[in-house]
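Undergrad: Supplied in structure tokens, the structure appears directly below.
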Amino acid sequence: MPAGDIPARLMPVSEALSRLLDSASPFRAVRDLPLSECRGQYLAHDVVSRVDVPAFDNAAVDGVALRFADLDEPGLTLPMPLRIAAGDPPATLMPGQVARIFTGAPVPAGADTVLMQEDCELADGRVRLPGRDRVSAGQNIRPAGQDAGQGQVVMERGQRLTPQALGLIASVGCATVTVNAPRVLILTSGDEIQAPDETPLPGKIFDSNGPLLEQLLRQSGFPDCRREHLPDDPAMIENTLTRVLTDPQQRPDVIISTGGVSVGEEDHLRAVLEKQGRLDFWRLAIKPGKPFTYGHVDGIPLFGLPGNPSAVLVCYLMLVLPTLRRCCGAASVLPAPLSLPADFAIPRPGKRQEYLRVRCVNQGGQLSLEKHPNQSSGMLSSAVWADGLAVVPVGATVIAGDRLDYFSFAHLLN
Ligand SMILES: Nc1nc2c(c(=O)[nH]1)N[C@H]1C(S)=C(S)[C@@H](COP(=O)(O)OP(=O)(O)OC[C@H]3O[C@@H](n4cnc5c(N)ncnc54)[C@H](O)[C@@H]3O)O[C@H]1N2
Ligand code: MOO
């Protein structure tokens with residue numbers, strides 16, 4: 001499509017997402033990291049357990065270990081010559097005896113059941129036991145390999161390293177993991193943009209997209225990001241792209257730009273992309289975010305987000321992040337939305353699928369969605385007020401009580 005031509009139809013969001021996911025190729029950049037440094041990142045390789053977890057049958061409670069077959073009528077009293085604490089080596093229990101045992105300690109060979117100390121009477125090296133009818137054979141024993149078996153894949157490539165995943169990986173004896181480590185270049189654009197620490201100048205605005213995108217990336221597991229700013233000058237945009245693509249120290253794996261992709265005379269990014277690389281598609285039926293642009297330069301994917309900050313937020317969460325996750329090998333790239341009633345109306349059908357900045361509120365135990373009164377894509381205060389996005393499909397109208405798909409920010413960034 002020659003630069004300047006405007007496509008007759010806006011591409012549906014679902015089609016754009018399918019095309020992005022289909023085009024996602026695995027990241028080549030990976031890095032070995034200690035567990036303490038990789039929270040939130042995505043595994044590049046499966047994690048295989050080095051051991052059985054637990055490594056041995058162990059007591060789930062503080063009490064006594066015995067043979068179920070030794071139990072009889074209530075009141076039977078047996079000698080307790082053994083004492084086994086967590087960390088002790090394996091021991092053996094003789095028939096007709098019980099062992100004092102503590103939570104996490106190895107169940108001695110010969111024992112098959114553990115009773116809680118509250119259910120017995122311990123005195124003078126002997127134990128008075130309950131009757132067999134009050135006990136189940138095998139109770140209170142956590143069997144070896146219950147959590148993970150030696151050689152078992154416990155975490156798969158593409159899975160995210162949550163705190164609980166890191167705990168599991170440590171439990172199977174792995175101290176480092178290999179994570180995807182794409183370098184992301186954030187390109188903000190526009191002659192009107194100033195850094196937030198500069199003196200405000202007439203006609204200029206402070207850059208919010210740069211900090212917004214950088215923190216979105218960090219929070220979603222992509223800490224290796226760098227920012228550059230582009231003026232509204234095609235030659236300088238070309239030079240910057242050539243420099244970063246040809247210098248191995250700077251060459252990114254992904255580029256995310258903001259601004260300069262609409263139809264104005266100062267919107268040059270798309271034209272440069274077409275000249276220097278390949279434009280895959282442009283203009284979606286999404287609100288905010290209509291001028292969303294996707295292409296490649298020298299084989300590197302470039303997501304061209306619009307300049308309006310809330311369009312950046314929506315396009316990142318709904319289109320860019322799912323694609324990055326797929327490049328990491330993730331099977332699931334978007335959370336399932338909740339279906340919640342709206343407490344507002346949208347009387348006129350729209351031509352674009354709209355992502356409203358909403359809050360989920362609890363009224364007397366019933367959850368419902370409240371919409372920020374100002375949905376301008378130039379505003380970020382509404383995105384701070386909101387805790388998620390509600391989706392209004394193309395052509396739909398809404399009356400209060402209608403259910404909408406709702407994605408919380410916490411869930412989207414989880
Ligand atoms: N004639 C038309 N005009 C516009 C259309 C259209 O279809 N026809 N689409 C509108 C829509 S929708 C959007 S969204 C914007 C997006 O335009 P661009 O992607 O080219 O973005 P810019 O024009 O460069 O910037 C838009 C807006 O965002 C501000 N901005 C840019 N960068 C930053 C930054 N780093 N931090 C904070 N704010 C930023 C910029 O100053 C503009 O106000 O186009 C509409 N126009
Ligand atoms: O698609 Mo734009 O972000 O609505 O203003």
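Going through the structure tokens in order, the chains are called A, B, and so on, while each chain numbers its residues from 1 and the ligands are numbered from 1 in the order shown.
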Go through region 216-331 of chain A residue by residue and, counting only C-alpha atoms, keep those with an atom at most 12 Å from region 368-382 of chain A; for each kept residue give the shortest atom pair and its distance in Å to one decimal, ordered by chain and increasing number, as CSV.
TA:
residue,atom,partner,partner_atom,distance
A:Gly259,CA,A:Gly378,CA,11.8
A:Ile286,CA,A:Ser377,CA,11.5
A:Lys287,CA,A:Ser377,CA,8.2
A:Pro288,CA,A:Ser377,CA,5.8
A:Gly289,CA,A:Ser377,CA,8.2
A:Lys290,CA,A:Ser377,CA,10.6
A:Pro306,CA,A:Ser377,CA,9.8
A:Gly307,CA,A:Gly378,CA,8.3
A:Asn308,CA,A:Gly378,CA,4.8
A:Pro309,CA,A:Gly378,CA,5.7
A:Ser310,CA,A:Ser377,CA,4.8
A:Ala311,CA,A:Ser377,CA,5.7
A:Val312,CA,A:Ser377,CA,8.8
A:Leu313,CA,A:Leu380,CA,9.0
A:Val314,CA,A:Ser377,CA,9.5
A:Cys315,CA,A:Ser377,CA,11.4
Undergrad: Please dump the current selection as a tab-separated table (two decimals), in the first residue's frame; keep N, CA and C atoms.
TA:
chain	number	residue	atom	x	y	z
A	259	GLY	N	3.40	7.66	18.21
A	259	GLY	CA	3.16	8.89	17.45
A	259	GLY	C	3.60	8.77	15.99
A	286	ILE	N	-10.18	-0.10	16.36
A	286	ILE	CA	-9.95	-0.10	17.81
A	286	ILE	C	-10.02	1.34	18.31
A	287	LYS	N	-10.63	1.52	19.47
A	287	LYS	CA	-10.74	2.85	20.06
A	287	LYS	C	-10.39	2.78	21.53
A	288	PRO	N	-9.36	3.44	21.97
A	288	PRO	CA	-8.44	4.26	21.21
A	288	PRO	C	-7.36	3.40	20.53
A	289	GLY	N	-6.74	3.99	19.50
A	289	GLY	CA	-5.61	3.29	18.86
A	289	GLY	C	-5.75	3.07	17.37
A	290	LYS	N	-6.69	3.76	16.73
A	290	LYS	CA	-6.99	3.49	15.31
A	290	LYS	C	-5.76	3.45	14.40
A	306	PRO	N	-0.11	4.78	18.27
A	306	PRO	CA	-0.45	6.20	18.12
A	306	PRO	C	0.17	7.01	19.26
A	307	GLY	N	0.15	8.32	19.11
A	307	GLY	CA	0.78	9.18	20.12
A	307	GLY	C	-0.06	9.38	21.36
A	308	ASN	N	-1.38	9.26	21.26
A	308	ASN	CA	-2.22	9.54	22.42
A	308	ASN	C	-1.95	8.52	23.54
A	309	PRO	N	-1.65	9.00	24.75
A	309	PRO	CA	-1.18	8.09	25.80
A	309	PRO	C	-2.12	6.94	26.14
A	310	SER	N	-3.44	7.18	26.19
A	310	SER	CA	-4.31	6.05	26.53
A	310	SER	C	-4.41	5.06	25.37
A	311	ALA	N	-4.16	5.54	24.14
A	311	ALA	CA	-4.09	4.62	23.00
A	311	ALA	C	-2.84	3.75	23.14
A	312	VAL	N	-1.76	4.33	23.65
A	312	VAL	CA	-0.54	3.56	23.88
A	312	VAL	C	-0.82	2.45	24.88
A	313	LEU	N	-1.50	2.81	25.98
A	313	LEU	CA	-1.79	1.82	27.02
A	313	LEU	C	-2.64	0.68	26.47
A	314	VAL	N	-3.72	1.02	25.78
A	314	VAL	CA	-4.64	0.00	25.26
A	314	VAL	C	-3.94	-0.88	24.21
A	315	CYS	N	-3.25	-0.25	23.27
A	315	CYS	CA	-2.59	-1.03	22.21
A	315	CYS	C	-1.49	-1.91	22.78
Undergrad: Could you go through region 127-331 of chain A and tell me which residues DSSP, when run on the backbone, assigns to strand (DSSP E or B), listing them as a tab-separated table (two decimals) with N, CA and C atoms, in the first residue's frame?
TA:
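The resulting file, result22.tsv, is reproduced below:
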chain	number	residue	atom	x	y	z
A	127	VAL	N	2.82	-44.64	74.20
A	127	VAL	CA	1.71	-43.89	73.59
A	127	VAL	C	0.42	-44.69	73.70
A	128	ARG	N	-0.60	-44.03	74.18
A	128	ARG	CA	-1.94	-44.66	74.22
A	128	ARG	C	-2.63	-44.23	72.93
A	141	ILE	N	0.72	-38.68	55.73
A	141	ILE	CA	2.04	-38.89	55.12
A	141	ILE	C	2.04	-38.20	53.77
A	142	ARG	N	3.06	-37.37	53.53
A	142	ARG	CA	3.22	-36.72	52.22
A	142	ARG	C	4.19	-37.58	51.43
A	148	ALA	N	6.69	-33.02	42.66
A	148	ALA	CA	7.40	-33.17	41.39
A	148	ALA	C	8.23	-34.44	41.44
A	153	VAL	N	9.22	-32.38	33.87
A	153	VAL	CA	9.21	-30.95	33.50
A	153	VAL	C	8.23	-30.26	34.45
A	154	VAL	N	8.74	-29.35	35.27
A	154	VAL	CA	7.85	-28.68	36.24
A	154	VAL	C	7.40	-27.31	35.75
A	155	MET	N	8.17	-26.71	34.83
A	155	MET	CA	7.79	-25.42	34.24
A	155	MET	C	8.18	-25.48	32.77
A	160	ARG	N	5.59	-17.78	32.74
A	160	ARG	CA	6.10	-16.59	33.43
A	160	ARG	C	6.62	-16.95	34.81
A	176	THR	N	19.50	-21.42	38.80
A	176	THR	CA	19.46	-20.44	37.70
A	176	THR	C	18.49	-20.94	36.64
A	177	VAL	N	17.97	-20.01	35.84
A	177	VAL	CA	17.09	-20.39	34.73
A	177	VAL	C	17.50	-19.59	33.49
A	178	THR	N	17.05	-20.09	32.33
A	178	THR	CA	17.31	-19.37	31.09
A	178	THR	C	16.03	-18.65	30.71
A	179	VAL	N	16.13	-17.33	30.58
A	179	VAL	CA	14.94	-16.53	30.25
A	179	VAL	C	15.09	-15.89	28.88
A	180	ASN	N	13.96	-15.55	28.28
A	180	ASN	CA	13.98	-14.74	27.07
A	180	ASN	C	14.51	-13.36	27.44
A	184	VAL	N	14.38	-4.27	23.78
A	184	VAL	CA	13.27	-3.50	23.21
A	184	VAL	C	13.70	-2.04	23.07
A	185	LEU	N	13.50	-1.50	21.89
A	185	LEU	CA	13.79	-0.07	21.68
A	185	LEU	C	12.46	0.67	21.64
A	186	ILE	N	12.32	1.65	22.53
A	186	ILE	CA	11.12	2.50	22.55
A	186	ILE	C	11.48	3.79	21.83
A	187	LEU	N	10.73	4.09	20.78
A	187	LEU	CA	10.96	5.33	20.04
A	187	LEU	C	9.77	6.24	20.24
A	188	THR	N	9.95	7.32	20.99
A	188	THR	CA	8.90	8.34	21.03
A	188	THR	C	9.16	9.28	19.86
A	189	SER	N	8.13	10.03	19.47
A	189	SER	CA	8.35	10.93	18.32
A	189	SER	C	7.54	12.21	18.48
A	193	ILE	N	7.55	17.29	21.85
A	193	ILE	CA	7.81	16.55	23.09
A	193	ILE	C	9.06	17.07	23.82
A	194	GLN	N	8.90	17.28	25.12
A	194	GLN	CA	10.01	17.65	26.00
A	194	GLN	C	10.15	16.60	27.09
A	205	ILE	N	4.87	19.72	25.00
A	205	ILE	CA	4.27	18.91	26.08
A	205	ILE	C	5.34	17.96	26.62
A	206	PHE	N	5.14	17.52	27.84
A	206	PHE	CA	6.09	16.58	28.42
A	206	PHE	C	5.81	15.17	27.90
A	225	CYS	N	14.94	-2.51	28.16
A	225	CYS	CA	14.38	-1.56	27.20
A	225	CYS	C	15.13	-0.24	27.27
A	226	ARG	N	15.21	0.39	26.12
A	226	ARG	CA	15.97	1.63	25.97
A	226	ARG	C	15.10	2.59	25.20
A	227	ARG	N	15.24	3.90	25.52
A	227	ARG	CA	14.39	4.88	24.86
A	227	ARG	C	15.20	5.83	24.00
A	228	GLU	N	14.61	6.22	22.85
A	228	GLU	CA	15.19	7.31	22.04
A	228	GLU	C	14.03	8.18	21.58
A	229	HIS	N	14.33	9.42	21.25
A	229	HIS	CA	13.28	10.31	20.75
A	229	HIS	C	13.56	10.70	19.30
A	230	LEU	N	12.52	10.74	18.49
A	230	LEU	CA	12.65	11.09	17.07
A	230	LEU	C	11.97	12.43	16.80
A	254	VAL	N	13.02	-5.89	19.14
A	254	VAL	CA	11.67	-5.36	18.92
A	254	VAL	C	11.75	-3.84	18.99
A	255	ILE	N	10.97	-3.17	18.15
A	255	ILE	CA	10.87	-1.71	18.26
A	255	ILE	C	9.41	-1.36	18.53
A	256	ILE	N	9.20	-0.48	19.51
A	256	ILE	CA	7.85	0.04	19.76
A	256	ILE	C	7.94	1.56	19.66
A	257	SER	N	7.20	2.12	18.71
A	257	SER	CA	7.23	3.58	18.56
A	257	SER	C	5.90	4.16	19.01
A	258	THR	N	5.91	5.46	19.32
A	258	THR	CA	4.64	6.13	19.59
A	258	THR	C	4.58	7.42	18.78
A	278	ARG	N	9.06	-2.85	5.80
A	278	ARG	CA	7.81	-3.38	5.23
A	278	ARG	C	6.67	-3.03	6.17
A	279	LEU	N	5.61	-2.47	5.60
A	279	LEU	CA	4.40	-2.20	6.39
A	279	LEU	C	3.49	-3.42	6.25
A	280	ASP	N	3.20	-4.10	7.37
A	280	ASP	CA	2.34	-5.28	7.31
A	280	ASP	C	0.87	-4.89	7.36
A	281	PHE	N	0.51	-4.02	8.29
A	281	PHE	CA	-0.85	-3.47	8.26
A	281	PHE	C	-0.92	-2.18	9.05
A	282	TRP	N	-2.02	-1.45	8.82
A	282	TRP	CA	-2.19	-0.12	9.40
A	282	TRP	C	-3.68	0.16	9.54
A	284	LEU	N	-6.73	0.14	12.53
A	284	LEU	CA	-7.57	-0.91	13.10
A	284	LEU	C	-8.88	-0.33	13.59
A	286	ILE	N	-10.18	-0.10	16.36
A	286	ILE	CA	-9.95	-0.10	17.81
A	286	ILE	C	-10.02	1.34	18.31
A	287	LYS	N	-10.63	1.52	19.47
A	287	LYS	CA	-10.74	2.85	20.06
A	287	LYS	C	-10.39	2.78	21.53
A	293	THR	N	-0.01	0.61	13.77
A	293	THR	CA	0.77	0.23	12.59
A	293	THR	C	1.68	-0.93	12.95
A	294	TYR	N	1.78	-1.90	12.04
A	294	TYR	CA	2.71	-3.02	12.29
A	294	TYR	C	3.54	-3.26	11.06
A	295	GLY	N	4.83	-3.42	11.27
A	295	GLY	CA	5.72	-3.67	10.14
A	295	GLY	C	7.03	-4.26	10.60
A	296	HIS	N	7.97	-4.36	9.68
A	296	HIS	CA	9.30	-4.90	9.98
A	296	HIS	C	10.36	-4.01	9.36
A	297	VAL	N	11.44	-3.78	10.08
A	297	VAL	CA	12.61	-3.14	9.49
A	297	VAL	C	13.79	-4.07	9.68
A	300	ILE	N	13.21	-6.89	11.88
A	300	ILE	CA	12.81	-6.64	13.28
A	300	ILE	C	11.38	-6.12	13.32
A	301	PRO	N	10.51	-6.72	14.16
A	301	PRO	CA	9.13	-6.23	14.22
A	301	PRO	C	9.06	-4.82	14.80
A	302	LEU	N	8.24	-4.01	14.20
A	302	LEU	CA	8.03	-2.64	14.71
A	302	LEU	C	6.53	-2.44	14.95
A	303	PHE	N	6.20	-2.14	16.19
A	303	PHE	CA	4.82	-1.80	16.55
A	303	PHE	C	4.73	-0.28	16.58
A	304	GLY	N	3.96	0.30	15.67
A	304	GLY	CA	3.80	1.75	15.65
A	304	GLY	C	2.52	2.11	16.38
A	305	LEU	N	2.66	2.56	17.62
A	305	LEU	CA	1.47	2.94	18.39
A	305	LEU	C	1.16	4.41	18.14
Undergrad: Between atom 5 (O, counted along the ligand's line) of ligand 2 and CA of Pro291 (chain A), measure the distance and give it in Å to one decimal.
TA: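 Answer for the atom 5 (O, counted along the ligand's line) of ligand 2 to CA of Pro291 (chain A) separation: 8.6 Å.
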Undergrad: Each residue of region 249-363 of chain A lying at most 8 Å from region 393-405 of chain A should get a row with its shortest atom-to-atom pair and the distance in Å to one decimal, counting only C-alpha atoms; could you produce that, ordered by chain and increasing number, as CSV?
TA:
residue,atom,partner,partner_atom,distance
A:Ala285,CA,A:Val394,CA,7.8
A:Pro337,CA,A:Asp405,CA,5.4
A:Leu338,CA,A:Asp405,CA,5.6
A:Ser339,CA,A:Asp405,CA,4.7
A:Leu340,CA,A:Arg403,CA,4.9
A:Pro341,CA,A:Arg403,CA,4.0
A:Ala342,CA,A:Gly401,CA,5.3
A:Asp343,CA,A:Ala400,CA,4.8
A:Phe344,CA,A:Ala400,CA,4.8
A:Ala345,CA,A:Ile399,CA,4.4
A:Ile346,CA,A:Val398,CA,4.7
A:Pro347,CA,A:Thr397,CA,5.3
A:Arg348,CA,A:Thr397,CA,5.8
A:Pro349,CA,A:Gly395,CA,4.5
A:Gly350,CA,A:Gly395,CA,5.1
A:Lys351,CA,A:Val394,CA,5.3
A:Arg352,CA,A:Val394,CA,5.1
A:Gln353,CA,A:Pro393,CA,4.6
A:Glu354,CA,A:Pro393,CA,6.5
Undergrad: Go ahead and save the picked residues with C-alpha atoms, as an mmCIF file, in the first residue's frame.
TA:
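Dumped to out.cif:
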data_model
loop_
_atom_site.group_PDB
_atom_site.id
_atom_site.type_symbol
_atom_site.label_atom_id
_atom_site.label_comp_id
_atom_site.auth_asym_id
_atom_site.auth_seq_id
_atom_site.Cartn_x
_atom_site.Cartn_y
_atom_site.Cartn_z
ATOM 1 C CA ALA A 285 -11.159 -0.824 14.273
ATOM 2 C CA PRO A 337 -12.146 -11.565 30.605
ATOM 3 C CA LEU A 338 -14.761 -11.398 33.341
ATOM 4 C CA SER A 339 -18.323 -10.739 32.199
ATOM 5 C CA LEU A 340 -19.721 -7.940 34.380
ATOM 6 C CA PRO A 341 -22.782 -5.689 34.204
ATOM 7 C CA ALA A 342 -22.224 -2.083 33.162
ATOM 8 C CA ASP A 343 -23.772 0.648 35.291
ATOM 9 C CA PHE A 344 -23.768 3.036 32.305
ATOM 10 C CA ALA A 345 -25.197 3.318 28.808
ATOM 11 C CA ILE A 346 -23.587 3.683 25.367
ATOM 12 C CA PRO A 347 -26.550 4.726 23.248
ATOM 13 C CA ARG A 348 -24.793 5.071 19.871
ATOM 14 C CA PRO A 349 -23.116 2.147 18.088
ATOM 15 C CA GLY A 350 -19.454 2.687 17.178
ATOM 16 C CA LYS A 351 -17.398 1.672 14.146
ATOM 17 C CA ARG A 352 -14.470 0.625 16.324
ATOM 18 C CA GLN A 353 -14.191 -1.888 19.164
ATOM 19 C CA GLU A 354 -13.926 0.357 22.179
#
Undergrad: Near region 94-109 of chain A, within 9 Å and counting only C-alpha atoms, which residues show up once chain neighbours fewer than 5 positions away are dropped, as a compact mmCIF listing (two decimals) with N, CA and C atoms, in the first residue's frame?
TA:
# COMPACT_ATOMS: atom_id res chain seq x y z
N PHE A 56 11.41 -37.72 50.08
CA PHE A 56 11.12 -38.95 50.84
C PHE A 56 9.72 -38.79 51.44
N ASP A 57 9.11 -39.93 51.79
CA ASP A 57 7.81 -39.87 52.49
C ASP A 57 8.04 -39.14 53.81
N ASN A 58 7.20 -38.16 54.12
CA ASN A 58 7.44 -37.43 55.37
C ASN A 58 6.14 -37.09 56.07
N ALA A 59 6.29 -36.78 57.36
CA ALA A 59 5.12 -36.53 58.21
C ALA A 59 4.53 -35.16 57.91
N ALA A 60 3.20 -35.10 57.79
CA ALA A 60 2.53 -33.83 57.55
C ALA A 60 2.17 -33.13 58.86
N VAL A 61 2.33 -33.84 59.99
CA VAL A 61 1.95 -33.26 61.29
C VAL A 61 2.97 -33.68 62.36
N ASP A 62 2.90 -33.03 63.49
CA ASP A 62 3.67 -33.45 64.67
C ASP A 62 2.85 -34.54 65.36
N GLY A 63 3.48 -35.69 65.66
CA GLY A 63 2.72 -36.77 66.29
C GLY A 63 3.51 -38.04 66.41
N VAL A 64 2.89 -39.14 66.00
CA VAL A 64 3.58 -40.43 66.07
C VAL A 64 3.39 -41.20 64.76
N ALA A 65 4.45 -41.97 64.41
CA ALA A 65 4.39 -42.82 63.21
C ALA A 65 4.23 -44.27 63.68
N LEU A 66 3.43 -45.02 62.96
CA LEU A 66 3.19 -46.41 63.37
C LEU A 66 2.77 -47.24 62.16
N ARG A 67 2.58 -48.55 62.45
CA ARG A 67 2.02 -49.43 61.42
C ARG A 67 0.51 -49.49 61.65
N ASP A 70 -0.82 -52.52 63.41
CA ASP A 70 -0.63 -52.68 64.86
C ASP A 70 -1.80 -52.12 65.67
N LEU A 78 1.55 -48.58 73.19
CA LEU A 78 2.76 -49.18 72.60
C LEU A 78 3.99 -48.36 73.00
N PRO A 79 5.16 -49.01 73.03
CA PRO A 79 6.39 -48.29 73.38
C PRO A 79 6.84 -47.38 72.23
N MET A 80 7.53 -46.29 72.60
CA MET A 80 7.95 -45.29 71.60
C MET A 80 9.46 -45.05 71.73
N PRO A 81 10.29 -46.00 71.22
CA PRO A 81 11.74 -45.87 71.42
C PRO A 81 12.43 -44.93 70.43
N LEU A 82 11.73 -44.53 69.39
CA LEU A 82 12.39 -43.72 68.33
C LEU A 82 11.90 -42.28 68.37
N ARG A 83 12.79 -41.35 68.05
CA ARG A 83 12.41 -39.93 67.94
C ARG A 83 13.02 -39.42 66.64
N ILE A 84 12.17 -38.93 65.73
CA ILE A 84 12.66 -38.50 64.41
C ILE A 84 12.21 -37.06 64.14
N ALA A 85 13.18 -36.17 63.94
CA ALA A 85 12.87 -34.76 63.66
C ALA A 85 13.20 -34.46 62.20
N ALA A 86 12.68 -33.33 61.70
CA ALA A 86 12.99 -32.92 60.31
C ALA A 86 14.51 -32.76 60.20
N GLY A 87 15.07 -33.32 59.13
CA GLY A 87 16.51 -33.23 58.93
C GLY A 87 17.24 -34.48 59.39
N ASP A 88 16.56 -35.35 60.16
CA ASP A 88 17.22 -36.60 60.61
C ASP A 88 17.32 -37.58 59.45
N PRO A 89 18.32 -38.47 59.52
CA PRO A 89 18.44 -39.49 58.45
C PRO A 89 17.33 -40.53 58.57
N VAL A 114 0.61 -41.83 60.15
CA VAL A 114 1.04 -40.87 61.17
C VAL A 114 -0.21 -40.31 61.86
N ARG A 126 5.78 -44.04 76.21
CA ARG A 126 4.76 -44.92 75.62
C ARG A 126 3.63 -44.06 75.07
N VAL A 127 2.82 -44.64 74.20
CA VAL A 127 1.71 -43.89 73.59
C VAL A 127 0.42 -44.69 73.70
N ILE A 141 0.72 -38.68 55.73
CA ILE A 141 2.04 -38.89 55.12
C ILE A 141 2.04 -38.20 53.77
N ARG A 142 3.06 -37.37 53.53
CA ARG A 142 3.22 -36.72 52.22
C ARG A 142 4.19 -37.58 51.43
Undergrad: Using the chain letters and numbers from this document, which residues of region 228-308 of chain A does DSSP assign to helix (DSSP H, G or I), as a ChimeraX atom specification?
TA: /A:234-246,269-276
Undergrad: Do you have the CA of Gln152 (chain A)-CA of Leu168 (chain A) distance handy?
TA: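 We find that CA of Gln152 (chain A) and CA of Leu168 (chain A) lie 12.4 Å from each other.
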Undergrad: Given only C-alpha atoms and all ligand atoms as the basis, pick out the residue of A:Ala235, A:Val261, A:Leu412, A:Leu334 nearest to ligand 1.
TA: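 Closest residue, counting only C-alpha atoms and all ligand atoms: A:Val261.
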Undergrad: Which residues are close to Gly145 (chain A), i.e. within 8 Å by only C-alpha atoms, leaving aside same-chain residues fewer than 2 positions away? Reply as a PyMOL selection string.
TA: chain A and resi 52-56+143+147-150
Undergrad: Looking at A:Val263, A:Ile169, A:Gly158, A:Phe407, which one is nearest to ligand 2, with distances taken over only C-alpha atoms and all ligand atoms?
TA: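 Between A:Val263, A:Ile169, A:Gly158, A:Phe407, the residue approaching ligand 2 most closely is A:Val263.
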Undergrad: With only C-alpha atoms as the atoms that count, which of A:Cys328, A:Ala271, A:Leu217, A:Met116 lies nearest to Tyr316 (chain A)?
TA: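 Of all the options, A:Leu217 lies closest to Tyr316 (chain A).
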Undergrad: Could you tell me how far CA of Gln276 (chain A) sits from CA of Asp298 (chain A), in Å to one decimal place?
TA: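 Those two atoms sit 8.0 Å apart.
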Undergrad: Of the candidates A:Pro248, A:Leu10, A:Gln139, A:Gln219, which shows the shortest atom-to-atom distance to ligand 1, using only C-alpha atoms and all ligand atoms?
TA: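 Result for the nearest residue to ligand 1: A:Leu10.
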Undergrad: Excluding same-chain residues fewer than 3 positions from region 14-17 of chain A, what lies within 8 Å of it counting only C-alpha atoms, as a PyMOL selection string?
TA: chain A and resi 11+20-21+284+319+323
